[in-house]
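A quick write-up on the structure given underneath.
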Amino acid sequence: MFPVRVGLALGGGAARGLAHLGVVETLCAAGIPVQVVAGTSMGALVGAMFAQKADATSMLADATRFLRSPEFRQARIHRLQRETAGEKSVLDAVSRYISRGRVLASTVTRPSVLDAEDLYELLGFFVDDRDIRSLHVPFFAVAADLRTGEEVILDRGPVIDAVAASSAVPGAFPPIVVGGRECVDGGVVNMVPVSVLRDMDLDYVIASNVSHELPVPADAMKALATHFRTHEITKRTLTRLQVRFADAVITPQIGQIHWADFTKSDEVIEAGRLAARGAIDTIHRDLKRLGRRPRFWRKPRRIPPEHGIVPPMSPLPSPAIEAAPADATEPSTEELDL
């Protein structure tokens, strides 16, 4: 058998992204060779934690220990859950703030509900300031340039800065400046960064998608609620398009857990394990088929430009992995032998 290069794309989802911990743990326990990780928002945090040690068991132990600690219970992130109870997404929370008139106090006079220091304090328990290029596993964090609207791929510099930029939920946290660019949560442009990995020299891409289910709307929706709901529909449609180009998609069944509710961590992590276990046999079978051919005989699957996914705009091109040729096209299923 010949080696197969596998990439893992971890999507955004705030507290729901804790399911990625169970996904990564299960993939590693099953011997799936994850060699590159790309993450958005909470997916970037979990991806960075794994890349720091390349040890899923240690990563999970560190995360669960902190989530149960007094320090975490006192973190200001819990203010978001208390003040937006019942809201299933950040956009719902913003809508509620405005409808209560809190926009005058919380979103006009301040750039965000919480400060950058609050975000860094929280992330500091999980990741440090070592350079991304020194990690055990190649890692890429996805953020959005607030000024230009472009996707920014962070592949060097302090890990904590990249994760903070990828996790800076607009309105909840202020933009994080990295490389001279004002960055906000990567979910604005790429909720599940499959496209980032498809531009690399990889044979197989696994996606973990923790996007929430679209809740049943009220019988009589007000104008603002209708506006934000249509935005959520657009985001879900884009996410479905993005994950179509993964070879395997793992979708933990988390239900309608609040986006800022970290108290159900055990339940969410277990949902990630269960979803990954359901995909293991298929992934093993696919990798076995790919491994029958030498790498130079394989034609990597690419995202063709006609599908309308804009190529990422990064000020920090990666030297570690060669980008795909600009004229690369998507092979057929027969060519992939999947």
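Here, A, B, ... name the chains of the structure tokens in the order displayed, residue numbers run from 1 inside each chain, and ligands are numbered from 1 in the same displayed order.
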
Which of segment 94-191 of chain A end up as strand (DSSP E or B) when DSSP is run on this backbone - answer as a PDB file with all heavy atoms, in the first residue's frame?
```pdb
ATOM      1  N   ASP A 131       5.133  29.889  16.968  1.00  0.00           N
ATOM      2  CA  ASP A 131       4.845  30.119  15.556  1.00  0.00           C
ATOM      3  C   ASP A 131       4.121  28.915  14.949  1.00  0.00           C
ATOM      4  O   ASP A 131       4.451  27.769  15.251  1.00  0.00           O
ATOM      5  CB  ASP A 131       6.144  30.376  14.782  1.00  0.00           C
ATOM      6  CG  ASP A 131       5.886  30.909  13.383  1.00  0.00           C
ATOM      7  OD1 ASP A 131       5.582  30.097  12.479  1.00  0.00           O
ATOM      8  OD2 ASP A 131       5.949  32.124  13.197  1.00  0.00           O
ATOM      9  N   PHE A 139      -0.949  23.529   9.993  1.00  0.00           N
ATOM     10  CA  PHE A 139      -2.224  24.077  10.445  1.00  0.00           C
ATOM     11  C   PHE A 139      -2.521  25.393   9.738  1.00  0.00           C
ATOM     12  O   PHE A 139      -1.631  26.217   9.534  1.00  0.00           O
ATOM     13  CB  PHE A 139      -2.180  24.292  11.957  1.00  0.00           C
ATOM     14  CG  PHE A 139      -3.312  25.121  12.491  1.00  0.00           C
ATOM     15  CD1 PHE A 139      -4.610  24.621  12.520  1.00  0.00           C
ATOM     16  CD2 PHE A 139      -3.085  26.408  12.971  1.00  0.00           C
ATOM     17  CE1 PHE A 139      -5.655  25.385  13.010  1.00  0.00           C
ATOM     18  CE2 PHE A 139      -4.120  27.180  13.465  1.00  0.00           C
ATOM     19  CZ  PHE A 139      -5.417  26.662  13.486  1.00  0.00           C
ATOM     20  N   PHE A 140      -3.794  25.580   9.392  1.00  0.00           N
ATOM     21  CA  PHE A 140      -4.243  26.796   8.713  1.00  0.00           C
ATOM     22  C   PHE A 140      -5.526  27.283   9.374  1.00  0.00           C
ATOM     23  O   PHE A 140      -6.473  26.507   9.533  1.00  0.00           O
ATOM     24  CB  PHE A 140      -4.498  26.525   7.225  1.00  0.00           C
ATOM     25  CG  PHE A 140      -3.294  26.007   6.499  1.00  0.00           C
ATOM     26  CD1 PHE A 140      -3.000  24.649   6.522  1.00  0.00           C
ATOM     27  CD2 PHE A 140      -2.449  26.863   5.812  1.00  0.00           C
ATOM     28  CE1 PHE A 140      -1.877  24.152   5.872  1.00  0.00           C
ATOM     29  CE2 PHE A 140      -1.328  26.373   5.156  1.00  0.00           C
ATOM     30  CZ  PHE A 140      -1.039  25.022   5.187  1.00  0.00           C
ATOM     31  N   ALA A 141      -5.543  28.553   9.774  1.00  0.00           N
ATOM     32  CA  ALA A 141      -6.745  29.154  10.346  1.00  0.00           C
ATOM     33  C   ALA A 141      -7.354  30.108   9.334  1.00  0.00           C
ATOM     34  O   ALA A 141      -6.635  30.832   8.634  1.00  0.00           O
ATOM     35  CB  ALA A 141      -6.409  29.905  11.632  1.00  0.00           C
ATOM     36  N   VAL A 142      -8.672  30.115   9.252  1.00  0.00           N
ATOM     37  CA  VAL A 142      -9.385  30.955   8.295  1.00  0.00           C
ATOM     38  C   VAL A 142     -10.042  32.123   9.019  1.00  0.00           C
ATOM     39  O   VAL A 142     -10.737  31.932  10.019  1.00  0.00           O
ATOM     40  CB  VAL A 142     -10.451  30.144   7.539  1.00  0.00           C
ATOM     41  CG1 VAL A 142     -11.263  31.054   6.615  1.00  0.00           C
ATOM     42  CG2 VAL A 142      -9.795  29.033   6.730  1.00  0.00           C
ATOM     43  N   ALA A 143      -9.810  33.327   8.499  1.00  0.00           N
ATOM     44  CA  ALA A 143     -10.445  34.531   9.026  1.00  0.00           C
ATOM     45  C   ALA A 143     -10.997  35.333   7.854  1.00  0.00           C
ATOM     46  O   ALA A 143     -10.787  34.981   6.689  1.00  0.00           O
ATOM     47  CB  ALA A 143      -9.443  35.363   9.838  1.00  0.00           C
ATOM     48  N   ALA A 144     -11.704  36.418   8.169  1.00  0.00           N
ATOM     49  CA  ALA A 144     -12.242  37.297   7.129  1.00  0.00           C
ATOM     50  C   ALA A 144     -11.697  38.702   7.328  1.00  0.00           C
ATOM     51  O   ALA A 144     -11.638  39.202   8.459  1.00  0.00           O
ATOM     52  CB  ALA A 144     -13.768  37.309   7.179  1.00  0.00           C
ATOM     53  N   ASP A 145     -11.260  39.328   6.244  1.00  0.00           N
ATOM     54  CA  ASP A 145     -10.789  40.712   6.282  1.00  0.00           C
ATOM     55  C   ASP A 145     -12.017  41.618   6.316  1.00  0.00           C
ATOM     56  O   ASP A 145     -12.781  41.686   5.350  1.00  0.00           O
ATOM     57  CB  ASP A 145      -9.936  41.006   5.052  1.00  0.00           C
ATOM     58  CG  ASP A 145      -9.261  42.366   5.124  1.00  0.00           C
ATOM     59  OD1 ASP A 145      -9.936  43.338   5.514  1.00  0.00           O
ATOM     60  OD2 ASP A 145      -8.069  42.475   4.759  1.00  0.00           O
ATOM     61  N   GLU A 151     -11.225  36.383   2.122  1.00  0.00           N
ATOM     62  CA  GLU A 151     -10.822  35.294   3.011  1.00  0.00           C
ATOM     63  C   GLU A 151      -9.330  35.419   3.269  1.00  0.00           C
ATOM     64  O   GLU A 151      -8.546  35.656   2.350  1.00  0.00           O
ATOM     65  CB  GLU A 151     -11.137  33.945   2.363  1.00  0.00           C
ATOM     66  CG  GLU A 151     -10.763  32.754   3.222  1.00  0.00           C
ATOM     67  CD  GLU A 151     -11.064  31.432   2.530  1.00  0.00           C
ATOM     68  OE1 GLU A 151     -11.029  31.404   1.285  1.00  0.00           O
ATOM     69  OE2 GLU A 151     -11.340  30.450   3.223  1.00  0.00           O
ATOM     70  N   VAL A 152      -8.937  35.264   4.528  1.00  0.00           N
ATOM     71  CA  VAL A 152      -7.526  35.333   4.917  1.00  0.00           C
ATOM     72  C   VAL A 152      -7.135  33.991   5.521  1.00  0.00           C
ATOM     73  O   VAL A 152      -7.787  33.509   6.453  1.00  0.00           O
ATOM     74  CB  VAL A 152      -7.277  36.457   5.941  1.00  0.00           C
ATOM     75  CG1 VAL A 152      -5.803  36.496   6.341  1.00  0.00           C
ATOM     76  CG2 VAL A 152      -7.710  37.803   5.368  1.00  0.00           C
ATOM     77  N   ILE A 153      -6.089  33.391   4.975  1.00  0.00           N
ATOM     78  CA  ILE A 153      -5.593  32.117   5.498  1.00  0.00           C
ATOM     79  C   ILE A 153      -4.325  32.394   6.297  1.00  0.00           C
ATOM     80  O   ILE A 153      -3.329  32.882   5.755  1.00  0.00           O
ATOM     81  CB  ILE A 153      -5.305  31.118   4.365  1.00  0.00           C
ATOM     82  CG1 ILE A 153      -6.585  30.857   3.573  1.00  0.00           C
ATOM     83  CG2 ILE A 153      -4.756  29.808   4.929  1.00  0.00           C
ATOM     84  CD1 ILE A 153      -6.387  29.975   2.371  1.00  0.00           C
ATOM     85  N   LEU A 154      -4.367  32.098   7.574  1.00  0.00           N
ATOM     86  CA  LEU A 154      -3.256  32.363   8.482  1.00  0.00           C
ATOM     87  C   LEU A 154      -2.466  31.080   8.693  1.00  0.00           C
ATOM     88  O   LEU A 154      -2.983  30.105   9.233  1.00  0.00           O
ATOM     89  CB  LEU A 154      -3.797  32.902   9.808  1.00  0.00           C
ATOM     90  CG  LEU A 154      -4.628  34.186   9.662  1.00  0.00           C
ATOM     91  CD1 LEU A 154      -5.363  34.505  10.958  1.00  0.00           C
ATOM     92  CD2 LEU A 154      -3.756  35.352   9.247  1.00  0.00           C
ATOM     93  N   PRO A 158       2.178  33.839  15.537  1.00  0.00           N
ATOM     94  CA  PRO A 158       1.714  33.212  16.778  1.00  0.00           C
ATOM     95  C   PRO A 158       0.390  32.465  16.590  1.00  0.00           C
ATOM     96  O   PRO A 158      -0.559  32.997  16.015  1.00  0.00           O
ATOM     97  CB  PRO A 158       1.544  34.401  17.734  1.00  0.00           C
ATOM     98  CG  PRO A 158       2.480  35.448  17.205  1.00  0.00           C
ATOM     99  CD  PRO A 158       2.438  35.286  15.707  1.00  0.00           C
ATOM    100  N   PRO A 170     -18.082  38.827  15.036  1.00  0.00           N
ATOM    101  CA  PRO A 170     -18.406  40.259  14.902  1.00  0.00           C
ATOM    102  C   PRO A 170     -19.476  40.679  15.907  1.00  0.00           C
ATOM    103  O   PRO A 170     -20.508  40.033  16.045  1.00  0.00           O
ATOM    104  CB  PRO A 170     -18.928  40.370  13.459  1.00  0.00           C
ATOM    105  CG  PRO A 170     -18.308  39.210  12.739  1.00  0.00           C
ATOM    106  CD  PRO A 170     -18.255  38.111  13.759  1.00  0.00           C
ATOM    107  N   PHE A 173     -16.786  40.187  19.768  1.00  0.00           N
ATOM    108  CA  PHE A 173     -15.406  40.584  20.003  1.00  0.00           C
ATOM    109  C   PHE A 173     -14.987  41.596  18.940  1.00  0.00           C
ATOM    110  O   PHE A 173     -15.519  41.579  17.824  1.00  0.00           O
ATOM    111  CB  PHE A 173     -14.476  39.376  19.945  1.00  0.00           C
ATOM    112  CG  PHE A 173     -14.763  38.329  20.986  1.00  0.00           C
ATOM    113  CD1 PHE A 173     -15.417  37.148  20.646  1.00  0.00           C
ATOM    114  CD2 PHE A 173     -14.384  38.520  22.303  1.00  0.00           C
ATOM    115  CE1 PHE A 173     -15.694  36.186  21.596  1.00  0.00           C
ATOM    116  CE2 PHE A 173     -14.657  37.554  23.263  1.00  0.00           C
ATOM    117  CZ  PHE A 173     -15.309  36.390  22.910  1.00  0.00           C
ATOM    118  N   ILE A 176      -9.481  41.480  15.164  1.00  0.00           N
ATOM    119  CA  ILE A 176      -8.104  41.216  15.575  1.00  0.00           C
ATOM    120  C   ILE A 176      -7.188  41.563  14.399  1.00  0.00           C
ATOM    121  O   ILE A 176      -7.377  41.050  13.295  1.00  0.00           O
ATOM    122  CB  ILE A 176      -7.911  39.732  15.972  1.00  0.00           C
ATOM    123  CG1 ILE A 176      -8.922  39.333  17.055  1.00  0.00           C
ATOM    124  CG2 ILE A 176      -6.484  39.492  16.423  1.00  0.00           C
ATOM    125  CD1 ILE A 176      -8.791  40.086  18.357  1.00  0.00           C
ATOM    126  N   VAL A 177      -6.219  42.417  14.627  1.00  0.00           N
ATOM    127  CA  VAL A 177      -5.321  42.841  13.558  1.00  0.00           C
ATOM    128  C   VAL A 177      -4.170  41.845  13.428  1.00  0.00           C
ATOM    129  O   VAL A 177      -3.407  41.625  14.376  1.00  0.00           O
ATOM    130  CB  VAL A 177      -4.764  44.251  13.824  1.00  0.00           C
ATOM    131  CG1 VAL A 177      -3.799  44.653  12.711  1.00  0.00           C
ATOM    132  CG2 VAL A 177      -5.898  45.260  13.937  1.00  0.00           C
ATOM    133  N   VAL A 178      -4.059  41.238  12.259  1.00  0.00           N
ATOM    134  CA  VAL A 178      -2.988  40.289  11.961  1.00  0.00           C
ATOM    135  C   VAL A 178      -2.409  40.660  10.594  1.00  0.00           C
ATOM    136  O   VAL A 178      -3.148  40.761   9.614  1.00  0.00           O
ATOM    137  CB  VAL A 178      -3.507  38.838  11.931  1.00  0.00           C
ATOM    138  CG1 VAL A 178      -2.367  37.879  11.598  1.00  0.00           C
ATOM    139  CG2 VAL A 178      -4.143  38.457  13.259  1.00  0.00           C
ATOM    140  N   ARG A 181      -4.115  43.464   8.725  1.00  0.00           N
ATOM    141  CA  ARG A 181      -5.501  43.298   8.285  1.00  0.00           C
ATOM    142  C   ARG A 181      -6.417  43.119   9.490  1.00  0.00           C
ATOM    143  O   ARG A 181      -6.088  42.390  10.432  1.00  0.00           O
ATOM    144  CB  ARG A 181      -5.624  42.101   7.343  1.00  0.00           C
ATOM    145  CG  ARG A 181      -4.637  42.146   6.192  1.00  0.00           C
ATOM    146  CD  ARG A 181      -4.776  40.968   5.246  1.00  0.00           C
ATOM    147  NE  ARG A 181      -5.916  41.138   4.340  1.00  0.00           N
ATOM    148  CZ  ARG A 181      -6.059  40.433   3.218  1.00  0.00           C
ATOM    149  NH1 ARG A 181      -5.148  39.525   2.868  1.00  0.00           N
ATOM    150  NH2 ARG A 181      -7.097  40.629   2.441  1.00  0.00           N
ATOM    151  N   GLU A 182      -7.563  43.800   9.459  1.00  0.00           N
ATOM    152  CA  GLU A 182      -8.552  43.674  10.536  1.00  0.00           C
ATOM    153  C   GLU A 182      -9.385  42.418  10.292  1.00  0.00           C
ATOM    154  O   GLU A 182     -10.213  42.377   9.385  1.00  0.00           O
ATOM    155  CB  GLU A 182      -9.457  44.908  10.581  1.00  0.00           C
ATOM    156  CG  GLU A 182      -8.726  46.174  10.994  1.00  0.00           C
ATOM    157  CD  GLU A 182      -9.670  47.351  11.108  1.00  0.00           C
ATOM    158  OE1 GLU A 182     -10.759  47.178  11.713  1.00  0.00           O
ATOM    159  OE2 GLU A 182      -9.353  48.420  10.584  1.00  0.00           O
ATOM    160  N   CYS A 183      -9.151  41.404  11.098  1.00  0.00           N
ATOM    161  CA  CYS A 183      -9.768  40.095  10.861  1.00  0.00           C
ATOM    162  C   CYS A 183     -10.910  39.820  11.829  1.00  0.00           C
ATOM    163  O   CYS A 183     -10.839  40.157  13.013  1.00  0.00           O
ATOM    164  CB  CYS A 183      -8.718  38.991  10.998  1.00  0.00           C
ATOM    165  SG  CYS A 183      -7.402  39.067   9.768  1.00  0.00           S
ATOM    166  N   VAL A 184     -11.951  39.202  11.298  1.00  0.00           N
ATOM    167  CA  VAL A 184     -13.073  38.748  12.113  1.00  0.00           C
ATOM    168  C   VAL A 184     -13.307  37.269  11.825  1.00  0.00           C
ATOM    169  O   VAL A 184     -12.649  36.679  10.968  1.00  0.00           O
ATOM    170  CB  VAL A 184     -14.356  39.562  11.829  1.00  0.00           C
ATOM    171  CG1 VAL A 184     -14.164  41.009  12.240  1.00  0.00           C
ATOM    172  CG2 VAL A 184     -14.754  39.464  10.365  1.00  0.00           C
ATOM    173  N   ASP A 185     -14.260  36.708  12.534  1.00  0.00           N
ATOM    174  CA  ASP A 185     -14.566  35.280  12.456  1.00  0.00           C
ATOM    175  C   ASP A 185     -14.582  34.746  11.020  1.00  0.00           C
ATOM    176  O   ASP A 185     -15.257  35.290  10.145  1.00  0.00           O
ATOM    177  CB  ASP A 185     -15.935  35.045  13.100  1.00  0.00           C
ATOM    178  CG  ASP A 185     -16.212  33.582  13.371  1.00  0.00           C
ATOM    179  OD1 ASP A 185     -16.320  32.809  12.403  1.00  0.00           O
ATOM    180  OD2 ASP A 185     -16.331  33.211  14.551  1.00  0.00           O
TER     181      ASP A 185
END
```

Next item on the list: May I ask which of the residues A:Val196, A:Leu27, A:Ala51, A:Ala19 is the closest one to Ala271 of chain A, counting only C-alpha atoms?
Entry: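 Residue with the minimum atom-to-atom distance to Ala271 of chain A: A:Ala19.
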
Checklist line | helix (DSSP H, G or I) positions in segment 144-298 of chain A, given as an NGL selection string | finding: :A and (159-167 or 186-188 or 194-198 or 223-243 or 265-290 or 295-297)

Notebook entry, point to check: Hey, what's within 12 Å of Ala56 of chain A if we count only C-alpha atoms and toss same-chain stuff fewer than 2 positions away? As a ChimeraX atom specification, please?
Noted result: /A:20-32,34,46-54,58-63,137

Note to self: For a test of reading the model, state the distance in Å between atom CA of Leu241 of chain A and atom CA of Pro193 of chain A, rounded to one decimal.
What the structure shows: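 The value is 11.1 Å.
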
Item checked: Coordinates-based distance that separates atom CA of Ile233 of chain A from atom CA of Ile254 of chain A (Å, one decimal) -> 18.6 Å

Next item on the list: Could you check which of A:Leu122, A:Val189, A:Leu238, A:Ala15 is closest to Ala164 of chain A, using only C-alpha atoms?
Entry: A:Leu122

Margin query: Let me make sure I understand: among A:Ala207, A:Ile283, A:Ala248, A:Val127, which one has the smallest atom-to-atom distance to Ser195 of chain A if we use only C-alpha atoms?
Written below: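 Of A:Ala207, A:Ile283, A:Ala248, A:Val127, the one nearest Ser195 of chain A is A:Ala207, counting only C-alpha atoms.
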
Notebook entry, point to check: For Gly171 of chain A, which residue out of A:Pro111, A:Gly157, A:Pro138, A:Gly43 is the nearest one, using only C-alpha atoms?
Noted result: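 The closest residue to Gly171 of chain A is A:Pro111.
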
Item checked: All residues 9 Å or closer to Leu214 of chain A, only C-alpha atoms, same chain fewer than 5 positions away omitted, as a count of residues only -> 6
